[in-house]
$ cat structure_5.csv   # CSV, C-alpha atoms
chain,number,residue,atom,x,y,z
A,1,MET,CA,-24.0,-37.5,-17.6
A,2,ALA,CA,-22.0,-34.5,-16.9
A,3,SER,CA,-23.5,-31.2,-17.7
A,4,THR,CA,-22.2,-27.8,-17.3
A,5,LYS,CA,-24.2,-24.6,-17.7
A,6,MET,CA,-23.1,-21.1,-18.0
A,7,LYS,CA,-24.8,-17.8,-17.8
A,8,ILE,CA,-23.4,-14.4,-18.7
A,9,LYS,CA,-24.9,-11.2,-17.4
A,10,LYS,CA,-24.0,-7.6,-17.5
A,11,SER,CA,-22.7,-6.5,-14.1
A,12,LYS,CA,-23.6,-3.1,-12.5
A,13,GLY,CA,-20.1,-1.7,-12.5
A,14,GLY,CA,-19.5,-2.5,-16.2
A,15,GLY,CA,-18.2,-5.7,-17.8
A,16,TYR,CA,-19.8,-9.0,-17.4
A,17,GLU,CA,-20.3,-11.6,-14.7
A,18,VAL,CA,-20.1,-15.3,-15.6
A,19,MET,CA,-21.8,-17.9,-13.5
A,20,VAL,CA,-21.1,-21.6,-14.1
A,21,LEU,CA,-23.1,-24.4,-12.7
A,22,ALA,CA,-21.3,-27.8,-13.0
A,23,LYS,CA,-23.2,-30.9,-12.2
A,24,HIS,CA,-20.9,-32.9,-10.0
A,25,PRO,CA,-21.1,-35.0,-6.8
A,26,MET,CA,-18.1,-33.3,-5.1
A,27,GLU,CA,-17.4,-36.2,-2.7
A,28,THR,CA,-15.0,-35.4,0.1
A,29,GLY,CA,-13.8,-38.9,0.7
A,30,LEU,CA,-14.9,-38.7,4.3
A,31,ARG,CA,-18.6,-39.5,3.9
A,32,LYS,CA,-19.8,-43.0,4.5
A,33,ASP,CA,-22.3,-44.9,2.5
A,34,LYS,CA,-25.3,-45.4,4.7
A,35,LYS,CA,-26.0,-48.9,3.3
A,36,THR,CA,-22.6,-50.5,3.2
A,37,GLY,CA,-20.8,-48.4,5.9
A,38,GLU,CA,-17.9,-48.0,3.5
A,39,LYS,CA,-16.3,-44.7,2.7
A,40,VAL,CA,-17.3,-43.1,-0.5
A,41,PRO,CA,-14.1,-42.3,-2.4
A,42,ALA,CA,-13.2,-38.7,-3.0
A,43,HIS,CA,-14.5,-37.3,-6.3
A,44,PHE,CA,-14.3,-33.6,-6.8
A,45,ILE,CA,-13.5,-31.0,-9.4
A,46,GLN,CA,-10.0,-29.7,-9.1
A,47,THR,CA,-9.6,-27.0,-11.7
A,48,MET,CA,-12.0,-24.9,-13.6
A,49,GLU,CA,-10.6,-22.7,-16.3
A,50,PHE,CA,-12.3,-19.6,-17.8
A,51,ALA,CA,-11.3,-18.3,-21.2
A,52,VAL,CA,-12.3,-15.4,-23.4
A,53,ASN,CA,-11.8,-16.0,-27.1
A,54,GLY,CA,-9.4,-18.9,-26.3
A,55,GLU,CA,-7.3,-16.8,-23.8
A,56,THR,CA,-7.4,-17.9,-20.2
A,57,VAL,CA,-8.5,-15.2,-17.9
A,58,ALA,CA,-8.9,-17.1,-14.6
A,59,GLN,CA,-8.6,-20.5,-13.1
A,60,ALA,CA,-10.5,-21.6,-10.1
A,61,ASN,CA,-9.0,-24.3,-7.9
A,62,LEU,CA,-11.6,-26.4,-6.1
A,63,GLY,CA,-11.3,-28.9,-3.4
A,64,ALA,CA,-13.5,-31.3,-1.5
A,65,GLY,CA,-14.8,-28.4,0.6
A,66,VAL,CA,-16.8,-27.0,-2.3
A,67,SER,CA,-20.5,-27.8,-2.3
A,68,LYS,CA,-22.1,-30.4,-4.5
A,69,ASN,CA,-22.9,-29.1,-8.0
A,70,PRO,CA,-20.6,-26.1,-7.7
A,71,LEU,CA,-21.9,-22.7,-8.7
A,72,ILE,CA,-18.9,-20.6,-9.5
A,73,GLY,CA,-19.0,-16.9,-10.5
A,74,ILE,CA,-16.3,-14.6,-11.7
A,75,SER,CA,-16.3,-11.2,-13.4
A,76,ILE,CA,-14.7,-10.4,-16.7
A,77,PRO,CA,-14.4,-6.6,-16.9
A,78,ASN,CA,-12.9,-6.5,-20.4
A,79,ALA,CA,-15.4,-8.8,-22.2
A,80,LYS,CA,-17.3,-7.3,-25.1
A,81,SER,CA,-20.4,-8.2,-26.9
A,82,GLY,CA,-19.5,-11.0,-29.4
A,83,ASP,CA,-16.7,-12.5,-27.3
A,84,THR,CA,-16.8,-16.2,-26.7
A,85,VAL,CA,-16.5,-17.4,-23.1
A,86,THR,CA,-15.5,-21.0,-22.5
A,87,VAL,CA,-15.3,-22.8,-19.3
A,88,SER,CA,-13.7,-26.2,-18.8
A,89,TRP,CA,-13.2,-28.3,-15.7
A,90,VAL,CA,-11.2,-31.4,-14.7
A,91,ASP,CA,-11.8,-33.5,-11.7
A,92,ASN,CA,-9.5,-35.8,-9.6
A,93,LYS,CA,-10.5,-38.8,-11.7
A,94,GLY,CA,-9.6,-37.1,-14.9
A,95,GLU,CA,-13.1,-36.6,-16.0
A,96,SER,CA,-13.8,-33.3,-17.7
A,97,ASP,CA,-16.5,-31.2,-19.2
A,98,SER,CA,-16.8,-27.8,-20.8
A,99,ALA,CA,-19.3,-25.2,-21.9
A,100,GLU,CA,-19.1,-22.3,-24.3
A,101,LYS,CA,-21.3,-19.2,-24.8
A,102,ALA,CA,-21.1,-16.0,-26.6
A,103,VAL,CA,-21.4,-12.6,-24.8
A,104,LYS,CA,-24.6,-10.9,-26.0
B,1,MET,CA,-35.2,-15.8,-6.7
B,2,LYS,CA,-32.2,-15.0,-8.9
B,3,ARG,CA,-31.0,-18.5,-8.6
B,4,ARG,CA,-34.3,-19.9,-9.7
B,5,ILE,CA,-34.3,-17.7,-12.8
B,6,PHE,CA,-30.8,-18.7,-13.5
B,7,LEU,CA,-31.6,-22.4,-13.3
B,8,LYS,CA,-34.6,-22.1,-15.5
B,9,GLY,CA,-32.8,-20.1,-18.2
B,10,SER,CA,-29.7,-22.2,-18.2
B,11,LEU,CA,-31.6,-25.5,-18.6
B,12,ALA,CA,-32.6,-24.5,-22.1
B,13,ALA,CA,-29.3,-22.8,-22.9
B,14,GLY,CA,-27.2,-25.5,-21.3
B,15,THR,CA,-28.0,-28.3,-23.7
B,16,LEU,CA,-27.0,-26.1,-26.6
B,17,ALA,CA,-23.8,-24.9,-25.0
B,18,VAL,CA,-22.8,-28.4,-24.1
B,19,ALA,CA,-23.4,-29.6,-27.6
B,20,ALA,CA,-21.5,-26.7,-29.1
B,21,GLY,CA,-18.6,-27.0,-26.7
B,22,ALA,CA,-18.1,-30.8,-26.9
B,23,GLY,CA,-14.8,-31.8,-28.4
B,24,MET,CA,-13.7,-28.5,-29.7
B,25,LEU,CA,-12.1,-27.0,-26.7
B,26,THR,CA,-8.4,-26.7,-26.4
B,27,PRO,CA,-7.8,-23.7,-24.2
B,28,THR,CA,-4.4,-22.1,-24.2
B,29,ARG,CA,-2.6,-22.5,-20.9
B,30,VAL,CA,-1.4,-19.1,-19.8
B,31,LEU,CA,-1.7,-19.7,-16.1
B,32,ALA,CA,0.2,-22.4,-14.3
B,33,ALA,CA,-2.7,-24.7,-14.6
B,34,THR,CA,-1.8,-27.1,-11.9
B,35,TRP,CA,-3.9,-27.9,-8.9
B,36,PRO,CA,-2.2,-26.5,-5.8
B,37,LYS,CA,-2.1,-29.9,-4.0
B,38,ALA,CA,0.1,-28.7,-1.1
B,39,ALA,CA,-2.3,-26.0,-0.2
B,40,PHE,CA,-5.3,-28.2,-0.3
B,41,GLU,CA,-3.6,-30.7,1.9
B,42,SER,CA,-2.4,-28.2,4.5
B,43,LYS,CA,-3.9,-28.6,7.9
B,44,THR,CA,-3.3,-25.1,9.1
B,45,GLU,CA,-4.1,-21.7,7.6
B,46,ALA,CA,-0.5,-20.5,7.7
B,47,ASP,CA,0.7,-23.6,5.8
B,48,ALA,CA,-2.0,-23.2,3.2
B,49,LEU,CA,-1.1,-19.5,2.7
B,50,ASN,CA,2.6,-20.3,2.3
B,51,ALA,CA,1.9,-23.1,-0.1
B,52,PHE,CA,-0.5,-21.1,-2.3
B,53,PHE,CA,0.6,-17.5,-2.0
B,54,GLY,CA,4.2,-18.0,-1.0
B,55,THR,CA,3.8,-15.7,2.0
B,56,SER,CA,1.7,-15.5,5.1
B,57,GLU,CA,2.1,-11.8,5.8
B,58,VAL,CA,-1.3,-10.4,5.7
B,59,GLU,CA,-3.0,-7.0,6.0
B,60,GLN,CA,-6.6,-6.4,6.9
B,61,SER,CA,-8.3,-4.5,4.2
B,62,ASP,CA,-11.7,-2.8,3.9
B,63,GLN,CA,-11.3,-3.0,0.1
B,64,VAL,CA,-12.1,-6.7,0.3
B,65,SER,CA,-15.7,-7.5,1.1
B,66,ILE,CA,-17.5,-10.7,1.7
B,67,LYS,CA,-21.1,-11.4,1.0
B,68,ALA,CA,-22.2,-14.4,3.0
B,69,PRO,CA,-24.9,-15.4,5.4
B,70,LEU,CA,-24.3,-14.7,9.1
B,71,GLN,CA,-26.0,-18.0,9.9
B,72,ALA,CA,-26.1,-20.9,7.5
B,73,GLU,CA,-29.0,-23.2,7.9
B,74,ASN,CA,-27.4,-25.9,5.8
B,75,GLY,CA,-23.7,-26.3,6.2
B,76,ALA,CA,-23.5,-28.3,2.9
B,77,VAL,CA,-24.3,-25.3,0.9
B,78,VAL,CA,-23.0,-21.9,2.1
B,79,PRO,CA,-22.8,-19.2,-0.5
B,80,ILE,CA,-19.8,-17.0,-0.4
B,81,LYS,CA,-19.0,-14.1,-2.6
B,82,VAL,CA,-15.7,-12.2,-2.4
B,83,MET,CA,-15.4,-8.8,-4.0
B,84,THR,CA,-12.5,-6.4,-4.1
B,85,SER,CA,-11.9,-3.0,-5.5
B,86,LEU,CA,-8.2,-3.5,-5.3
B,87,GLU,CA,-6.2,-3.1,-8.5
B,88,GLY,CA,-4.0,-5.8,-10.0
B,89,VAL,CA,-5.7,-8.8,-8.4
B,90,GLU,CA,-3.7,-11.9,-8.8
B,91,ALA,CA,-5.5,-14.5,-6.7
B,92,ILE,CA,-8.4,-14.9,-4.3
B,93,ALA,CA,-8.5,-17.7,-1.7
B,94,ILE,CA,-11.2,-18.8,0.7
B,95,ILE,CA,-10.1,-20.5,3.9
B,96,THR,CA,-12.6,-22.1,6.3
B,97,ILE,CA,-10.7,-22.3,9.5
B,98,LYS,CA,-12.4,-25.2,11.2
B,99,ASN,CA,-12.8,-27.5,8.3
B,100,PRO,CA,-10.7,-30.7,8.1
B,101,SER,CA,-8.8,-29.1,5.2
B,102,PRO,CA,-9.1,-25.3,5.8
B,103,TYR,CA,-8.0,-24.3,2.3
B,104,THR,CA,-11.3,-24.6,0.5
B,105,THR,CA,-11.0,-23.0,-2.9
B,106,SER,CA,-9.2,-20.3,-4.8
B,107,LEU,CA,-9.2,-18.4,-8.0
B,108,GLN,CA,-6.1,-17.4,-10.0
B,109,VAL,CA,-6.7,-14.3,-12.0
B,110,ALA,CA,-5.2,-13.3,-15.3
B,111,GLY,CA,-7.4,-10.7,-16.8
B,112,ALA,CA,-10.6,-11.4,-15.0
B,113,GLY,CA,-12.0,-9.0,-12.3
B,114,GLY,CA,-11.9,-9.0,-8.6
B,115,LEU,CA,-14.9,-11.2,-7.9
B,116,TYR,CA,-15.2,-14.8,-6.9
B,117,SER,CA,-18.4,-16.4,-5.8
B,118,THR,CA,-18.9,-20.0,-4.8
B,119,ARG,CA,-20.7,-22.3,-2.5
B,120,ILE,CA,-18.8,-24.2,0.2
B,121,LYS,CA,-19.3,-26.9,2.8
B,122,MET,CA,-18.9,-26.1,6.5
B,123,GLY,CA,-18.7,-28.7,9.2
B,124,GLN,CA,-19.3,-26.3,12.1
B,125,THR,CA,-19.5,-22.7,13.0
B,126,SER,CA,-16.2,-21.1,11.9
B,127,PRO,CA,-14.6,-17.9,10.7
B,128,VAL,CA,-14.2,-17.8,6.9
B,129,ASN,CA,-11.1,-15.9,5.8
B,130,CYS,CA,-11.0,-14.5,2.3
B,131,TYR,CA,-7.6,-13.6,1.0
B,132,VAL,CA,-6.9,-11.4,-2.0
B,133,LYS,CA,-3.4,-11.1,-3.5
B,134,ALA,CA,-3.1,-7.9,-5.3
B,135,GLY,CA,0.1,-6.1,-6.5
B,136,GLY,CA,2.3,-8.7,-4.6
B,137,LYS,CA,0.6,-8.1,-1.3
B,138,LEU,CA,-1.9,-10.1,0.7
B,139,TYR,CA,-5.2,-8.7,2.0
B,140,LEU,CA,-7.7,-10.3,4.3
B,141,ALA,CA,-11.3,-10.0,5.1
B,142,SER,CA,-13.0,-12.3,7.5
B,143,GLN,CA,-16.5,-13.3,8.6
B,144,GLU,CA,-17.8,-15.8,11.1
B,145,ILE,CA,-20.5,-18.0,9.8
B,146,LYS,CA,-22.7,-19.9,12.2
B,147,VAL,CA,-23.7,-23.3,11.1
B,148,THR,CA,-26.7,-25.2,12.6
B,149,VAL,CA,-26.4,-28.4,10.5
B,150,GLY,CA,-22.9,-29.4,9.4
B,151,GLY,CA,-22.3,-30.4,5.8
B,152,CYS,CA,-19.0,-32.3,5.8
B,153,GLY,CA,-20.0,-35.8,7.0
B,154,GLY,CA,-23.1,-35.8,4.9
$ encode --input "structure_5.csv" --output "structure tokens"
Amino acid sequence: MASTKMKIKKSKGGGYEVMVLAKHPMETGLRKDKKTGEKVPAHFIQTMEFAVNGETVAQANLGAGVSKNPLIGISIPNAKSGDTVTVSWVDNKGESDSAEKAVK
Amino acid sequence: MKRRIFLKGSLAAGTLAVAAGAGMLTPTRVLAATWPKAAFESKTEADALNAFFGTSEVEQSDQVSIKAPLQAENGAVVPIKVMTSLEGVEAIAIITIKNPSPYTTSLQVAGAGGLYSTRIKMGQTSPVNCYVKAGGKLYLASQEIKVTVGGCGG
């Protein structure tokens, strides 16, 4: 169901750039279902945590104003080759997912 | 083009990463890992700033730059990239003035760099303010993005 993908690339200014694509509907709670006319309940990712070798380096706070299937990018200037980057998110219904990747 | 390549590449890598990551992640909580509920529920920009940063004193800065389209064809997906060359970045926040909840998203930084890219929804043409907190001070860069088709009501 849930799937989270991560890509790590070298950035121009040194260090690495991490891009995460999380598959998620990101419902605002304002949208109406076209068939039933009822409001679709809010369902969105709230926090996304980035860690290098188990140590948190950043936390993104997301709200309903973030697009469906969020694509989040951050930079990690101090990452080295061989480091493990993990990302994990939790949504407002308590669902979560994570992904892990080693820096090349 | 870049996005296309990313999607292709990550399809293959993604399945592996998910398999490897499942059930073995217990990240240490260094940051205050709570969702800033008050900021997200704020109806005005000043309230959101006070709730998230604890201050609403802002300084315009050319060291904060935004990469975003001038005109978004689809308000449901507006790519925004905030970059800063400031030292000691603590947090980055994106506020879409005319959205029902202006406070859109933010990044709390503890060791990562001064870059945050995301995609946001926009209901209508609005200025997008990007705040960077660095060294205890708040810096701002702003850009107006025109929206032809809104993306909040779906």
$ atom_distance --input "structure_5.csv" --atom1 "CA of His43 in chain A" --atom2 "CA of His24 in chain A"
8.6 Å
$ atom_distance --input "structure_5.csv" --atom1 "CA of Pro102 in chain B" --atom2 "CA of Gln63 in chain B"
23.1 Å
$ atom_distance --input "structure_5.csv" --atom1 "CA of Ser142 in chain B" --atom2 "CA of Gln59 in chain A"
22.6 Å
$ interface_residues --input "structure_5.csv" --of "chain A" --to "chain B" --cutoff "7 Å" --atoms "all atoms listed in the file" --output "PyMOL selection string"
chain A and resi 4-7+30-31+46-47+54-63+65-67+70-77+98-101
$ residues_near_point --input "structure_5.csv" --point "(3.3, -19.5, -2.0)" --cutoff "12 Å" --atoms "all atoms listed in the file" --output "list in words"
Pro36, Lys37, Ala38, Ala39, Ala46, Asp47, Ala48, Leu49, Asn50, Ala51, Phe52, Phe53, Gly54, Thr55, Ser56, Glu57, Ala91, Ala93, Lys133, Gly136, Lys137 and Leu138 of chain B
$ closest_residue --input "structure_5.csv" --among "B:Gln71, B:Thr125, B:Gly88, B:Val132" --to "Glu59 in chain B" --atoms "all atoms listed in the file"
B:Val132
$ closest_residue --input "structure_5.csv" --among "A:Glu38, A:Lys12, A:Val20, A:Ala64" --to "Trp89 in chain A" --atoms "all atoms listed in the file"
A:Val20
